[in-house]
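Content type compact mmCIF, N, CA and C atoms, from the file my_file-v7.txt:
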# COMPACT_ATOMS: atom_id res chain seq x y z
N MET A 293 178.49 125.81 34.61
CA MET A 293 178.01 127.07 34.10
C MET A 293 177.08 126.87 32.92
N THR A 294 177.22 125.77 32.19
CA THR A 294 176.33 125.53 31.06
C THR A 294 174.91 125.28 31.53
N ASN A 295 174.75 124.71 32.70
CA ASN A 295 173.42 124.47 33.24
C ASN A 295 172.70 125.80 33.49
N ALA A 296 173.43 126.80 33.98
CA ALA A 296 172.84 128.12 34.23
C ALA A 296 172.47 128.78 32.91
N THR A 297 173.29 128.61 31.89
CA THR A 297 173.01 129.19 30.59
C THR A 297 171.76 128.56 29.98
N ASN A 298 171.64 127.23 30.08
CA ASN A 298 170.46 126.55 29.56
C ASN A 298 169.21 126.97 30.32
N THR A 299 169.33 127.17 31.61
CA THR A 299 168.19 127.61 32.41
C THR A 299 167.76 129.00 31.99
N TYR A 300 168.73 129.88 31.75
CA TYR A 300 168.41 131.24 31.33
C TYR A 300 167.75 131.23 29.95
N GLN A 301 168.25 130.42 29.02
CA GLN A 301 167.66 130.35 27.69
C GLN A 301 166.24 129.80 27.74
N GLY A 302 166.02 128.81 28.59
CA GLY A 302 164.66 128.27 28.75
C GLY A 302 163.71 129.31 29.33
N PHE A 303 164.20 130.06 30.30
CA PHE A 303 163.40 131.12 30.91
C PHE A 303 163.09 132.21 29.88
N ASP A 304 164.08 132.59 29.09
CA ASP A 304 163.90 133.60 28.07
C ASP A 304 162.88 133.13 27.02
N ALA A 305 162.94 131.88 26.64
CA ALA A 305 161.98 131.33 25.67
C ALA A 305 160.57 131.37 26.23
N ARG A 306 160.42 131.04 27.53
CA ARG A 306 159.09 131.09 28.16
C ARG A 306 158.56 132.52 28.20
N LEU A 307 159.43 133.48 28.49
CA LEU A 307 159.01 134.88 28.51
C LEU A 307 158.55 135.34 27.12
N LYS A 308 159.28 134.94 26.08
CA LYS A 308 158.89 135.31 24.72
C LYS A 308 157.53 134.72 24.37
N LYS A 309 157.29 133.47 24.79
CA LYS A 309 156.01 132.82 24.53
C LYS A 309 154.87 133.54 25.25
N ILE A 310 155.11 133.95 26.48
CA ILE A 310 154.10 134.69 27.25
C ILE A 310 153.79 136.02 26.58
N ASN A 311 154.81 136.74 26.15
CA ASN A 311 154.60 138.02 25.48
C ASN A 311 153.85 137.85 24.16
N ARG A 312 154.17 136.79 23.44
CA ARG A 312 153.48 136.51 22.18
C ARG A 312 151.99 136.23 22.44
N ASN A 313 151.71 135.45 23.47
CA ASN A 313 150.31 135.15 23.81
C ASN A 313 149.57 136.40 24.27
N ARG A 314 150.22 137.24 25.06
CA ARG A 314 149.58 138.46 25.54
C ARG A 314 149.26 139.40 24.38
N THR A 315 150.14 139.45 23.40
CA THR A 315 149.91 140.30 22.23
C THR A 315 148.70 139.80 21.45
N ARG A 316 148.61 138.50 21.28
CA ARG A 316 147.46 137.93 20.56
C ARG A 316 146.17 138.12 21.34
N LEU A 317 146.22 138.00 22.67
CA LEU A 317 145.03 138.16 23.49
C LEU A 317 144.56 139.61 23.54
N ALA A 318 145.45 140.55 23.27
CA ALA A 318 145.08 141.97 23.31
C ALA A 318 144.06 142.31 22.22
N ASN A 319 143.98 141.53 21.16
CA ASN A 319 143.04 141.77 20.08
C ASN A 319 141.69 141.11 20.32
N GLY A 320 141.48 140.58 21.48
CA GLY A 320 140.22 139.91 21.81
C GLY A 320 140.46 138.45 22.15
N TYR A 321 139.65 137.94 23.06
CA TYR A 321 139.82 136.55 23.49
C TYR A 321 138.50 135.98 23.94
N SER A 322 138.46 134.68 24.06
CA SER A 322 137.31 133.99 24.63
C SER A 322 137.84 133.09 25.74
N ALA A 323 137.07 133.00 26.79
CA ALA A 323 137.47 132.19 27.95
C ALA A 323 136.63 130.92 27.97
N LYS A 324 137.28 129.80 28.22
CA LYS A 324 136.60 128.52 28.33
C LYS A 324 137.08 127.82 29.59
N VAL A 325 136.17 127.11 30.21
CA VAL A 325 136.51 126.34 31.40
C VAL A 325 136.68 124.89 30.97
N THR A 326 137.84 124.32 31.26
CA THR A 326 138.10 122.93 30.90
C THR A 326 137.42 122.00 31.88
N ARG A 327 137.51 120.69 31.64
CA ARG A 327 136.87 119.70 32.50
C ARG A 327 137.38 119.73 33.94
N ASP A 328 138.66 120.07 34.07
CA ASP A 328 139.23 120.08 35.42
C ASP A 328 139.05 121.43 36.12
N GLY A 329 138.29 122.36 35.51
CA GLY A 329 138.00 123.63 36.15
C GLY A 329 138.99 124.74 35.84
N LEU A 330 139.95 124.47 34.99
CA LEU A 330 140.94 125.48 34.64
C LEU A 330 140.35 126.42 33.58
N ILE A 331 140.50 127.71 33.78
CA ILE A 331 140.01 128.69 32.81
C ILE A 331 141.13 128.96 31.81
N VAL A 332 140.82 128.73 30.53
CA VAL A 332 141.81 128.89 29.46
C VAL A 332 141.33 130.01 28.55
N PHE A 333 142.21 130.95 28.29
CA PHE A 333 141.90 132.07 27.39
C PHE A 333 142.52 131.79 26.04
N ARG A 334 141.72 131.91 25.00
CA ARG A 334 142.19 131.69 23.65
C ARG A 334 141.93 132.95 22.83
N PRO A 335 142.89 133.34 21.99
CA PRO A 335 142.66 134.54 21.18
C PRO A 335 141.56 134.30 20.15
N LYS A 336 140.76 135.34 19.91
CA LYS A 336 139.71 135.23 18.90
C LYS A 336 140.35 135.31 17.53
N ARG A 337 139.83 134.52 16.64
CA ARG A 337 140.33 134.54 15.27
C ARG A 337 139.73 135.74 14.55
N ARG A 338 140.54 136.35 13.75
CA ARG A 338 140.05 137.44 12.93
C ARG A 338 139.42 136.85 11.69
N ALA A 339 138.28 137.39 11.34
CA ALA A 339 137.60 136.92 10.14
C ALA A 339 138.34 137.43 8.91
N GLN A 340 138.75 136.53 8.08
CA GLN A 340 139.43 136.89 6.85
C GLN A 340 138.41 137.03 5.74
N GLY A 341 138.70 137.87 4.79
CA GLY A 341 137.80 138.05 3.67
C GLY A 341 137.06 139.37 3.77
N PHE A 342 135.97 139.46 3.06
CA PHE A 342 135.21 140.70 3.03
C PHE A 342 133.86 140.51 3.70
N SER A 343 133.28 141.60 4.10
CA SER A 343 131.99 141.58 4.76
C SER A 343 130.91 141.83 3.71
N VAL A 344 129.94 140.96 3.65
CA VAL A 344 128.82 141.13 2.72
C VAL A 344 128.02 142.37 3.12
N ARG A 345 127.89 142.57 4.40
CA ARG A 345 127.16 143.74 4.90
C ARG A 345 127.88 145.03 4.50
N GLY A 346 129.20 145.05 4.62
CA GLY A 346 129.97 146.21 4.21
C GLY A 346 129.85 146.47 2.72
N LEU A 347 129.86 145.42 1.93
CA LEU A 347 129.71 145.56 0.48
C LEU A 347 128.33 146.10 0.14
N ALA A 348 127.30 145.63 0.85
CA ALA A 348 125.94 146.13 0.61
C ALA A 348 125.84 147.62 0.95
N PHE A 349 126.45 148.05 2.05
CA PHE A 349 126.45 149.46 2.40
C PHE A 349 127.21 150.30 1.37
N LEU A 350 128.29 149.77 0.84
CA LEU A 350 129.04 150.47 -0.19
C LEU A 350 128.20 150.67 -1.45
N VAL A 351 127.53 149.63 -1.90
CA VAL A 351 126.69 149.72 -3.09
C VAL A 351 125.54 150.69 -2.85
N LEU A 352 124.92 150.60 -1.68
CA LEU A 352 123.83 151.52 -1.33
C LEU A 352 124.33 152.97 -1.31
N GLY A 353 125.51 153.17 -0.77
CA GLY A 353 126.09 154.51 -0.73
C GLY A 353 126.36 155.06 -2.12
N VAL A 354 126.82 154.22 -3.03
CA VAL A 354 127.07 154.66 -4.41
C VAL A 354 125.76 155.06 -5.07
N PHE A 355 124.71 154.27 -4.87
CA PHE A 355 123.42 154.61 -5.46
C PHE A 355 122.86 155.90 -4.86
N LEU A 356 123.00 156.09 -3.55
CA LEU A 356 122.54 157.33 -2.93
C LEU A 356 123.34 158.53 -3.43
N PHE A 357 124.64 158.36 -3.58
CA PHE A 357 125.49 159.43 -4.09
C PHE A 357 125.08 159.81 -5.51
N LYS A 358 124.90 158.80 -6.36
CA LYS A 358 124.49 159.07 -7.73
C LYS A 358 123.13 159.73 -7.77
N GLY A 359 122.20 159.27 -6.94
CA GLY A 359 120.87 159.87 -6.89
C GLY A 359 120.90 161.31 -6.43
N MET A 360 121.75 161.62 -5.45
CA MET A 360 121.87 162.99 -4.96
C MET A 360 122.43 163.91 -6.04
N ILE A 361 123.46 163.47 -6.74
CA ILE A 361 124.03 164.29 -7.81
C ILE A 361 123.03 164.46 -8.94
N LEU A 362 122.34 163.39 -9.29
CA LEU A 362 121.34 163.44 -10.35
C LEU A 362 120.20 164.38 -9.99
N ALA A 363 119.76 164.35 -8.74
CA ALA A 363 118.69 165.25 -8.29
C ALA A 363 119.17 166.70 -8.30
N HIS A 364 120.40 166.94 -7.96
CA HIS A 364 120.93 168.29 -7.89
C HIS A 364 121.18 168.89 -9.29
N LEU A 365 121.80 168.12 -10.19
CA LEU A 365 122.17 168.64 -11.50
C LEU A 365 121.04 168.56 -12.52
N GLY A 366 120.23 167.55 -12.42
CA GLY A 366 119.23 167.31 -13.46
C GLY A 366 119.78 166.30 -14.46
N GLY A 367 118.88 165.72 -15.23
CA GLY A 367 119.25 164.62 -16.13
C GLY A 367 120.18 165.01 -17.27
N THR A 368 119.94 166.15 -17.91
CA THR A 368 120.74 166.52 -19.08
C THR A 368 122.17 166.90 -18.70
N ILE A 369 122.33 167.70 -17.68
CA ILE A 369 123.68 168.10 -17.25
C ILE A 369 124.44 166.89 -16.73
N TYR A 370 123.74 166.02 -16.00
CA TYR A 370 124.38 164.81 -15.48
C TYR A 370 124.90 163.96 -16.63
N ASP A 371 124.07 163.76 -17.66
CA ASP A 371 124.49 162.96 -18.82
C ASP A 371 125.67 163.60 -19.54
N GLN A 372 125.69 164.93 -19.64
CA GLN A 372 126.81 165.62 -20.28
C GLN A 372 128.11 165.38 -19.52
N ARG A 373 128.03 165.44 -18.22
CA ARG A 373 129.25 165.25 -17.41
C ARG A 373 129.74 163.80 -17.48
N VAL A 374 128.83 162.85 -17.50
CA VAL A 374 129.24 161.44 -17.63
C VAL A 374 129.85 161.20 -19.00
N ASP A 375 129.27 161.83 -20.05
CA ASP A 375 129.85 161.70 -21.39
C ASP A 375 131.25 162.31 -21.45
N ALA A 376 131.47 163.41 -20.74
CA ALA A 376 132.81 164.01 -20.69
C ALA A 376 133.80 163.05 -20.01
N LEU A 377 133.35 162.34 -19.01
CA LEU A 377 134.22 161.37 -18.35
C LEU A 377 134.57 160.20 -19.27
N LYS A 378 133.64 159.82 -20.13
CA LYS A 378 133.87 158.69 -21.03
C LYS A 378 135.03 158.94 -22.00
N SER A 379 135.31 160.21 -22.30
CA SER A 379 136.38 160.51 -23.24
C SER A 379 137.70 160.83 -22.53
N GLY A 380 137.78 160.58 -21.24
CA GLY A 380 138.99 160.88 -20.48
C GLY A 380 139.93 159.70 -20.35
N THR A 381 140.70 159.71 -19.28
CA THR A 381 141.67 158.65 -19.02
C THR A 381 140.96 157.36 -18.63
N VAL A 382 141.73 156.33 -18.40
CA VAL A 382 141.16 155.03 -18.04
C VAL A 382 140.41 155.12 -16.71
N VAL A 383 140.96 155.86 -15.77
CA VAL A 383 140.30 156.02 -14.47
C VAL A 383 138.99 156.78 -14.64
N GLU A 384 139.00 157.83 -15.47
CA GLU A 384 137.78 158.59 -15.73
C GLU A 384 136.74 157.75 -16.45
N GLN A 385 137.19 156.89 -17.36
CA GLN A 385 136.26 156.00 -18.06
C GLN A 385 135.63 155.00 -17.09
N ALA A 386 136.42 154.52 -16.14
CA ALA A 386 135.86 153.62 -15.12
C ALA A 386 134.85 154.37 -14.26
N GLY A 387 135.16 155.62 -13.92
CA GLY A 387 134.21 156.44 -13.17
C GLY A 387 132.94 156.68 -13.94
N ALA A 388 133.05 156.88 -15.26
CA ALA A 388 131.87 157.08 -16.11
C ALA A 388 131.02 155.82 -16.14
N PHE A 389 131.68 154.66 -16.15
CA PHE A 389 130.93 153.41 -16.14
C PHE A 389 130.13 153.26 -14.85
N VAL A 390 130.76 153.60 -13.73
CA VAL A 390 130.09 153.48 -12.43
C VAL A 390 128.99 154.53 -12.29
N MET A 391 129.24 155.74 -12.82
CA MET A 391 128.31 156.85 -12.62
C MET A 391 127.22 156.96 -13.67
N GLN A 392 127.18 156.06 -14.65
CA GLN A 392 126.12 156.17 -15.66
C GLN A 392 124.75 155.99 -15.01
N LYS A 393 123.78 156.65 -15.60
CA LYS A 393 122.43 156.69 -15.03
C LYS A 393 121.78 155.32 -15.09
N ASP A 394 121.08 154.95 -14.03
CA ASP A 394 120.35 153.69 -13.99
C ASP A 394 119.00 153.95 -13.32
N THR A 395 118.15 152.94 -13.32
CA THR A 395 116.79 153.13 -12.79
C THR A 395 116.79 153.35 -11.28
N VAL A 396 117.68 152.70 -10.56
CA VAL A 396 117.72 152.86 -9.10
C VAL A 396 118.12 154.29 -8.74
N SER A 397 119.15 154.81 -9.40
CA SER A 397 119.60 156.17 -9.13
C SER A 397 118.54 157.19 -9.55
N ALA A 398 117.87 156.94 -10.67
CA ALA A 398 116.83 157.86 -11.12
C ALA A 398 115.65 157.88 -10.15
N THR A 399 115.30 156.72 -9.61
CA THR A 399 114.22 156.65 -8.63
C THR A 399 114.59 157.38 -7.35
N ILE A 400 115.81 157.18 -6.89
CA ILE A 400 116.29 157.88 -5.69
C ILE A 400 116.30 159.38 -5.95
N ALA A 401 116.71 159.79 -7.15
CA ALA A 401 116.75 161.22 -7.49
C ALA A 401 115.36 161.83 -7.47
N GLN A 402 114.36 161.09 -7.91
CA GLN A 402 112.98 161.60 -7.87
C GLN A 402 112.54 161.88 -6.44
N TYR A 403 112.91 161.00 -5.52
CA TYR A 403 112.53 161.21 -4.13
C TYR A 403 113.33 162.33 -3.47
N LEU A 404 114.58 162.51 -3.90
CA LEU A 404 115.43 163.53 -3.28
C LEU A 404 115.27 164.91 -3.90
N ARG A 405 114.73 165.00 -5.11
CA ARG A 405 114.64 166.28 -5.82
C ARG A 405 113.94 167.38 -5.00
N PRO A 406 112.84 167.12 -4.29
CA PRO A 406 112.23 168.22 -3.51
C PRO A 406 113.11 168.72 -2.37
N PHE A 407 114.00 167.89 -1.86
CA PHE A 407 114.84 168.27 -0.74
C PHE A 407 116.12 168.96 -1.18
N VAL A 408 116.56 168.70 -2.40
CA VAL A 408 117.85 169.20 -2.86
C VAL A 408 117.75 170.61 -3.40
N LYS A 409 116.73 170.91 -4.16
CA LYS A 409 116.63 172.23 -4.79
C LYS A 409 116.01 173.26 -3.90

What would you get if you wrote out this structure as structure tokens?
Amino acid sequence: MTNATNTYQGFDARLKKINRNRTRLANGYSAKVTRDGLIVFRPKRRAQGFSVRGLAFLVLGVFLFKGMILAHLGGTIYDQRVDALKSGTVVEQAGAFVMQKDTVSATIAQYLRPFVK
């Protein structure tokens, strides 16, 4: 009877391995043909870390957002609101640092001003 138990445990281990491989392959895979003609599927590795392209879009979005607000409010009101943020909590002070006026945002605001008002 121990032989049957060992066979069942081996079968169960093989099933777990198959399910684990299928789960990994569900996230994407690449197929390669080996020298003997066997097609082997390997899971694609997920890229760890951050995307430079995503970071560039984020920075561009922040500049566009600042330019849109600057074009809508005008320079003096915008500066007043940023100054009000500087005297707030730590989070508001960080927001004031990010939202302070710069040349890129001012240039974007000049181009957007005819469309905003």

Compare A:Ala388, A:Arg405, A:Asn319, A:Leu350 by their minimum atom-to-atom distance to A:Arg373, counting all atoms listed in the file, and give me the closest one.
A:Ala388

Stretch 304-362 of chain A near stretch 391-404 of chain A within 6.5 Å: what's each residue's closest atom pair and its distance in Å to one decimal, counting only N, CA and C atoms, ordered by chain then ascending residue number, as CSV?
residue,atom,partner,partner_atom,distance
A:Phe355,C,A:Ser397,CA,5.4
A:Lys358,C,A:Ser397,CA,5.2
A:Gly359,CA,A:Ala401,N,4.2
A:Met360,N,A:Ala401,CA,5.4
A:Leu362,C,A:Ala401,CA,5.3

Exercise: stretch 330-342 of chain A partners within 6 Å, only N, CA and C atoms, chain neighbours under 4 positions left out, as a list in words
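Those residues are Arg316, Leu317, Asn319, Gly320, Tyr321, Ser322, Ala323, Lys324, Val325 and Thr326 of chain A.
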
Using DSSP assignments from the backbone, pull out every residue in chain A that falls under alpha helix (DSSP H) and give it to me as a compact mmCIF listing (two decimals) with N, CA and C atoms, keeping the file's coordinate frame.
# COMPACT_ATOMS: atom_id res chain seq x y z
N THR A 294 177.22 125.77 32.19
CA THR A 294 176.33 125.53 31.06
C THR A 294 174.91 125.28 31.53
N ASN A 295 174.75 124.71 32.70
CA ASN A 295 173.42 124.47 33.24
C ASN A 295 172.70 125.80 33.49
N ALA A 296 173.43 126.80 33.98
CA ALA A 296 172.84 128.12 34.23
C ALA A 296 172.47 128.78 32.91
N THR A 297 173.29 128.61 31.89
CA THR A 297 173.01 129.19 30.59
C THR A 297 171.76 128.56 29.98
N ASN A 298 171.64 127.23 30.08
CA ASN A 298 170.46 126.55 29.56
C ASN A 298 169.21 126.97 30.32
N THR A 299 169.33 127.17 31.61
CA THR A 299 168.19 127.61 32.41
C THR A 299 167.76 129.00 31.99
N TYR A 300 168.73 129.88 31.75
CA TYR A 300 168.41 131.24 31.33
C TYR A 300 167.75 131.23 29.95
N GLN A 301 168.25 130.42 29.02
CA GLN A 301 167.66 130.35 27.69
C GLN A 301 166.24 129.80 27.74
N GLY A 302 166.02 128.81 28.59
CA GLY A 302 164.66 128.27 28.75
C GLY A 302 163.71 129.31 29.33
N PHE A 303 164.20 130.06 30.30
CA PHE A 303 163.40 131.12 30.91
C PHE A 303 163.09 132.21 29.88
N ASP A 304 164.08 132.59 29.09
CA ASP A 304 163.90 133.60 28.07
C ASP A 304 162.88 133.13 27.02
N ALA A 305 162.94 131.88 26.64
CA ALA A 305 161.98 131.33 25.67
C ALA A 305 160.57 131.37 26.23
N ARG A 306 160.42 131.04 27.53
CA ARG A 306 159.09 131.09 28.16
C ARG A 306 158.56 132.52 28.20
N LEU A 307 159.43 133.48 28.49
CA LEU A 307 159.01 134.88 28.51
C LEU A 307 158.55 135.34 27.12
N LYS A 308 159.28 134.94 26.08
CA LYS A 308 158.89 135.31 24.72
C LYS A 308 157.53 134.72 24.37
N LYS A 309 157.29 133.47 24.79
CA LYS A 309 156.01 132.82 24.53
C LYS A 309 154.87 133.54 25.25
N ILE A 310 155.11 133.95 26.48
CA ILE A 310 154.10 134.69 27.25
C ILE A 310 153.79 136.02 26.58
N ASN A 311 154.81 136.74 26.15
CA ASN A 311 154.60 138.02 25.48
C ASN A 311 153.85 137.85 24.16
N ARG A 312 154.17 136.79 23.44
CA ARG A 312 153.48 136.51 22.18
C ARG A 312 151.99 136.23 22.44
N ASN A 313 151.71 135.45 23.47
CA ASN A 313 150.31 135.15 23.81
C ASN A 313 149.57 136.40 24.27
N ARG A 314 150.22 137.24 25.06
CA ARG A 314 149.58 138.46 25.54
C ARG A 314 149.26 139.40 24.38
N THR A 315 150.14 139.45 23.40
CA THR A 315 149.91 140.30 22.23
C THR A 315 148.70 139.80 21.45
N ARG A 316 148.61 138.50 21.28
CA ARG A 316 147.46 137.93 20.56
C ARG A 316 146.17 138.12 21.34
N LEU A 317 146.22 138.00 22.67
CA LEU A 317 145.03 138.16 23.49
C LEU A 317 144.56 139.61 23.54
N VAL A 344 129.94 140.96 3.65
CA VAL A 344 128.82 141.13 2.72
C VAL A 344 128.02 142.37 3.12
N ARG A 345 127.89 142.57 4.40
CA ARG A 345 127.16 143.74 4.90
C ARG A 345 127.88 145.03 4.50
N GLY A 346 129.20 145.05 4.62
CA GLY A 346 129.97 146.21 4.21
C GLY A 346 129.85 146.47 2.72
N LEU A 347 129.86 145.42 1.93
CA LEU A 347 129.71 145.56 0.48
C LEU A 347 128.33 146.10 0.14
N ALA A 348 127.30 145.63 0.85
CA ALA A 348 125.94 146.13 0.61
C ALA A 348 125.84 147.62 0.95
N PHE A 349 126.45 148.05 2.05
CA PHE A 349 126.45 149.46 2.40
C PHE A 349 127.21 150.30 1.37
N LEU A 350 128.29 149.77 0.84
CA LEU A 350 129.04 150.47 -0.19
C LEU A 350 128.20 150.67 -1.45
N VAL A 351 127.53 149.63 -1.90
CA VAL A 351 126.69 149.72 -3.09
C VAL A 351 125.54 150.69 -2.85
N LEU A 352 124.92 150.60 -1.68
CA LEU A 352 123.83 151.52 -1.33
C LEU A 352 124.33 152.97 -1.31
N GLY A 353 125.51 153.17 -0.77
CA GLY A 353 126.09 154.51 -0.73
C GLY A 353 126.36 155.06 -2.12
N VAL A 354 126.82 154.22 -3.03
CA VAL A 354 127.07 154.66 -4.41
C VAL A 354 125.76 155.06 -5.07
N PHE A 355 124.71 154.27 -4.87
CA PHE A 355 123.42 154.61 -5.46
C PHE A 355 122.86 155.90 -4.86
N LEU A 356 123.00 156.09 -3.55
CA LEU A 356 122.54 157.33 -2.93
C LEU A 356 123.34 158.53 -3.43
N PHE A 357 124.64 158.36 -3.58
CA PHE A 357 125.49 159.43 -4.09
C PHE A 357 125.08 159.81 -5.51
N LYS A 358 124.90 158.80 -6.36
CA LYS A 358 124.49 159.07 -7.73
C LYS A 358 123.13 159.73 -7.77
N GLY A 359 122.20 159.27 -6.94
CA GLY A 359 120.87 159.87 -6.89
C GLY A 359 120.90 161.31 -6.43
N MET A 360 121.75 161.62 -5.45
CA MET A 360 121.87 162.99 -4.96
C MET A 360 122.43 163.91 -6.04
N ILE A 361 123.46 163.47 -6.74
CA ILE A 361 124.03 164.29 -7.81
C ILE A 361 123.03 164.46 -8.94
N LEU A 362 122.34 163.39 -9.29
CA LEU A 362 121.34 163.44 -10.35
C LEU A 362 120.20 164.38 -9.99
N ALA A 363 119.76 164.35 -8.74
CA ALA A 363 118.69 165.25 -8.29
C ALA A 363 119.17 166.70 -8.30
N HIS A 364 120.40 166.94 -7.96
CA HIS A 364 120.93 168.29 -7.89
C HIS A 364 121.18 168.89 -9.29
N LEU A 365 121.80 168.12 -10.19
CA LEU A 365 122.17 168.64 -11.50
C LEU A 365 121.04 168.56 -12.52
N GLY A 367 118.88 165.72 -15.23
CA GLY A 367 119.25 164.62 -16.13
C GLY A 367 120.18 165.01 -17.27
N THR A 368 119.94 166.15 -17.91
CA THR A 368 120.74 166.52 -19.08
C THR A 368 122.17 166.90 -18.70
N ILE A 369 122.33 167.70 -17.68
CA ILE A 369 123.68 168.10 -17.25
C ILE A 369 124.44 166.89 -16.73
N TYR A 370 123.74 166.02 -16.00
CA TYR A 370 124.38 164.81 -15.48
C TYR A 370 124.90 163.96 -16.63
N ASP A 371 124.07 163.76 -17.66
CA ASP A 371 124.49 162.96 -18.82
C ASP A 371 125.67 163.60 -19.54
N GLN A 372 125.69 164.93 -19.64
CA GLN A 372 126.81 165.62 -20.28
C GLN A 372 128.11 165.38 -19.52
N ARG A 373 128.03 165.44 -18.22
CA ARG A 373 129.25 165.25 -17.41
C ARG A 373 129.74 163.80 -17.48
N VAL A 374 128.83 162.85 -17.50
CA VAL A 374 129.24 161.44 -17.63
C VAL A 374 129.85 161.20 -19.00
N ASP A 375 129.27 161.83 -20.05
CA ASP A 375 129.85 161.70 -21.39
C ASP A 375 131.25 162.31 -21.45
N ALA A 376 131.47 163.41 -20.74
CA ALA A 376 132.81 164.01 -20.69
C ALA A 376 133.80 163.05 -20.01
N LEU A 377 133.35 162.34 -19.01
CA LEU A 377 134.22 161.37 -18.35
C LEU A 377 134.57 160.20 -19.27
N LYS A 378 133.64 159.82 -20.13
CA LYS A 378 133.87 158.69 -21.03
C LYS A 378 135.03 158.94 -22.00
N VAL A 382 141.73 156.33 -18.40
CA VAL A 382 141.16 155.03 -18.04
C VAL A 382 140.41 155.12 -16.71
N VAL A 383 140.96 155.86 -15.77
CA VAL A 383 140.30 156.02 -14.47
C VAL A 383 138.99 156.78 -14.64
N GLU A 384 139.00 157.83 -15.47
CA GLU A 384 137.78 158.59 -15.73
C GLU A 384 136.74 157.75 -16.45
N GLN A 385 137.19 156.89 -17.36
CA GLN A 385 136.26 156.00 -18.06
C GLN A 385 135.63 155.00 -17.09
N ALA A 386 136.42 154.52 -16.14
CA ALA A 386 135.86 153.62 -15.12
C ALA A 386 134.85 154.37 -14.26
N GLY A 387 135.16 155.62 -13.92
CA GLY A 387 134.21 156.44 -13.17
C GLY A 387 132.94 156.68 -13.94
N ALA A 388 133.05 156.88 -15.26
CA ALA A 388 131.87 157.08 -16.11
C ALA A 388 131.02 155.82 -16.14
N PHE A 389 131.68 154.66 -16.15
CA PHE A 389 130.93 153.41 -16.14
C PHE A 389 130.13 153.26 -14.85
N VAL A 390 130.76 153.60 -13.73
CA VAL A 390 130.09 153.48 -12.43
C VAL A 390 128.99 154.53 -12.29
N MET A 391 129.24 155.74 -12.82
CA MET A 391 128.31 156.85 -12.62
C MET A 391 127.22 156.96 -13.67
N THR A 395 118.15 152.94 -13.32
CA THR A 395 116.79 153.13 -12.79
C THR A 395 116.79 153.35 -11.28
N VAL A 396 117.68 152.70 -10.56
CA VAL A 396 117.72 152.86 -9.10
C VAL A 396 118.12 154.29 -8.74
N SER A 397 119.15 154.81 -9.40
CA SER A 397 119.60 156.17 -9.13
C SER A 397 118.54 157.19 -9.55
N ALA A 398 117.87 156.94 -10.67
CA ALA A 398 116.83 157.86 -11.12
C ALA A 398 115.65 157.88 -10.15
N THR A 399 115.30 156.72 -9.61
CA THR A 399 114.22 156.65 -8.63
C THR A 399 114.59 157.38 -7.35
N ILE A 400 115.81 157.18 -6.89
CA ILE A 400 116.29 157.88 -5.69
C ILE A 400 116.30 159.38 -5.95
N ALA A 401 116.71 159.79 -7.15
CA ALA A 401 116.75 161.22 -7.49
C ALA A 401 115.36 161.83 -7.47
N GLN A 402 114.36 161.09 -7.91
CA GLN A 402 112.98 161.60 -7.87
C GLN A 402 112.54 161.88 -6.44
N TYR A 403 112.91 161.00 -5.52
CA TYR A 403 112.53 161.21 -4.13
C TYR A 403 113.33 162.33 -3.47
N LEU A 404 114.58 162.51 -3.90
CA LEU A 404 115.43 163.53 -3.28
C LEU A 404 115.27 164.91 -3.90
N ARG A 405 114.73 165.00 -5.11
CA ARG A 405 114.64 166.28 -5.82
C ARG A 405 113.94 167.38 -5.00
N PRO A 406 112.84 167.12 -4.29
CA PRO A 406 112.23 168.22 -3.51
C PRO A 406 113.11 168.72 -2.37
N PHE A 407 114.00 167.89 -1.86
CA PHE A 407 114.84 168.27 -0.74
C PHE A 407 116.12 168.96 -1.18
N VAL A 408 116.56 168.70 -2.40
CA VAL A 408 117.85 169.20 -2.86
C VAL A 408 117.75 170.61 -3.40

Could you work out how far atom CA of A:Phe407 lies from atom CA of A:Gly366, giving the answer in Å with one decimal?
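Taking atom CA of A:Gly366 as the start and atom CA of A:Phe407 as the end point, the length is 13.5 Å.
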
Can you measure atom CA of A:Val408 to atom CA of A:Ala348 for me? One decimal in Å is fine.
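Straight-line distance from atom CA of A:Val408 to atom CA of A:Ala348 works out to 24.7 Å.
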
Enumerate, as an mmCIF file with N, CA and C atoms, in the frame of the given file, the complete set of residues in stretch 308-379 of chain A that a backbone-based DSSP assignment places in strand (DSSP E or B).
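Ended up saving to selection-v3.cif:
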data_model
loop_
_atom_site.group_PDB
_atom_site.id
_atom_site.type_symbol
_atom_site.label_atom_id
_atom_site.label_comp_id
_atom_site.auth_asym_id
_atom_site.auth_seq_id
_atom_site.Cartn_x
_atom_site.Cartn_y
_atom_site.Cartn_z
ATOM 1 N N TYR A 321 139.650 137.940 23.060
ATOM 2 C CA TYR A 321 139.820 136.550 23.490
ATOM 3 C C TYR A 321 138.500 135.980 23.940
ATOM 4 N N SER A 322 138.460 134.680 24.060
ATOM 5 C CA SER A 322 137.310 133.990 24.630
ATOM 6 C C SER A 322 137.840 133.090 25.740
ATOM 7 N N ALA A 323 137.070 133.000 26.790
ATOM 8 C CA ALA A 323 137.470 132.190 27.950
ATOM 9 C C ALA A 323 136.630 130.920 27.970
ATOM 10 N N LYS A 324 137.280 129.800 28.220
ATOM 11 C CA LYS A 324 136.600 128.520 28.330
ATOM 12 C C LYS A 324 137.080 127.820 29.590
ATOM 13 N N VAL A 325 136.170 127.110 30.210
ATOM 14 C CA VAL A 325 136.510 126.340 31.400
ATOM 15 C C VAL A 325 136.680 124.890 30.970
ATOM 16 N N ILE A 331 140.500 127.710 33.780
ATOM 17 C CA ILE A 331 140.010 128.690 32.810
ATOM 18 C C ILE A 331 141.130 128.960 31.810
ATOM 19 N N VAL A 332 140.820 128.730 30.530
ATOM 20 C CA VAL A 332 141.810 128.890 29.460
ATOM 21 C C VAL A 332 141.330 130.010 28.550
ATOM 22 N N PHE A 333 142.210 130.950 28.290
ATOM 23 C CA PHE A 333 141.900 132.070 27.390
ATOM 24 C C PHE A 333 142.520 131.790 26.040
ATOM 25 N N ARG A 334 141.720 131.910 25.000
ATOM 26 C CA ARG A 334 142.190 131.690 23.650
ATOM 27 C C ARG A 334 141.930 132.950 22.830
ATOM 28 N N PRO A 335 142.890 133.340 21.990
ATOM 29 C CA PRO A 335 142.660 134.540 21.180
ATOM 30 C C PRO A 335 141.560 134.300 20.150
#
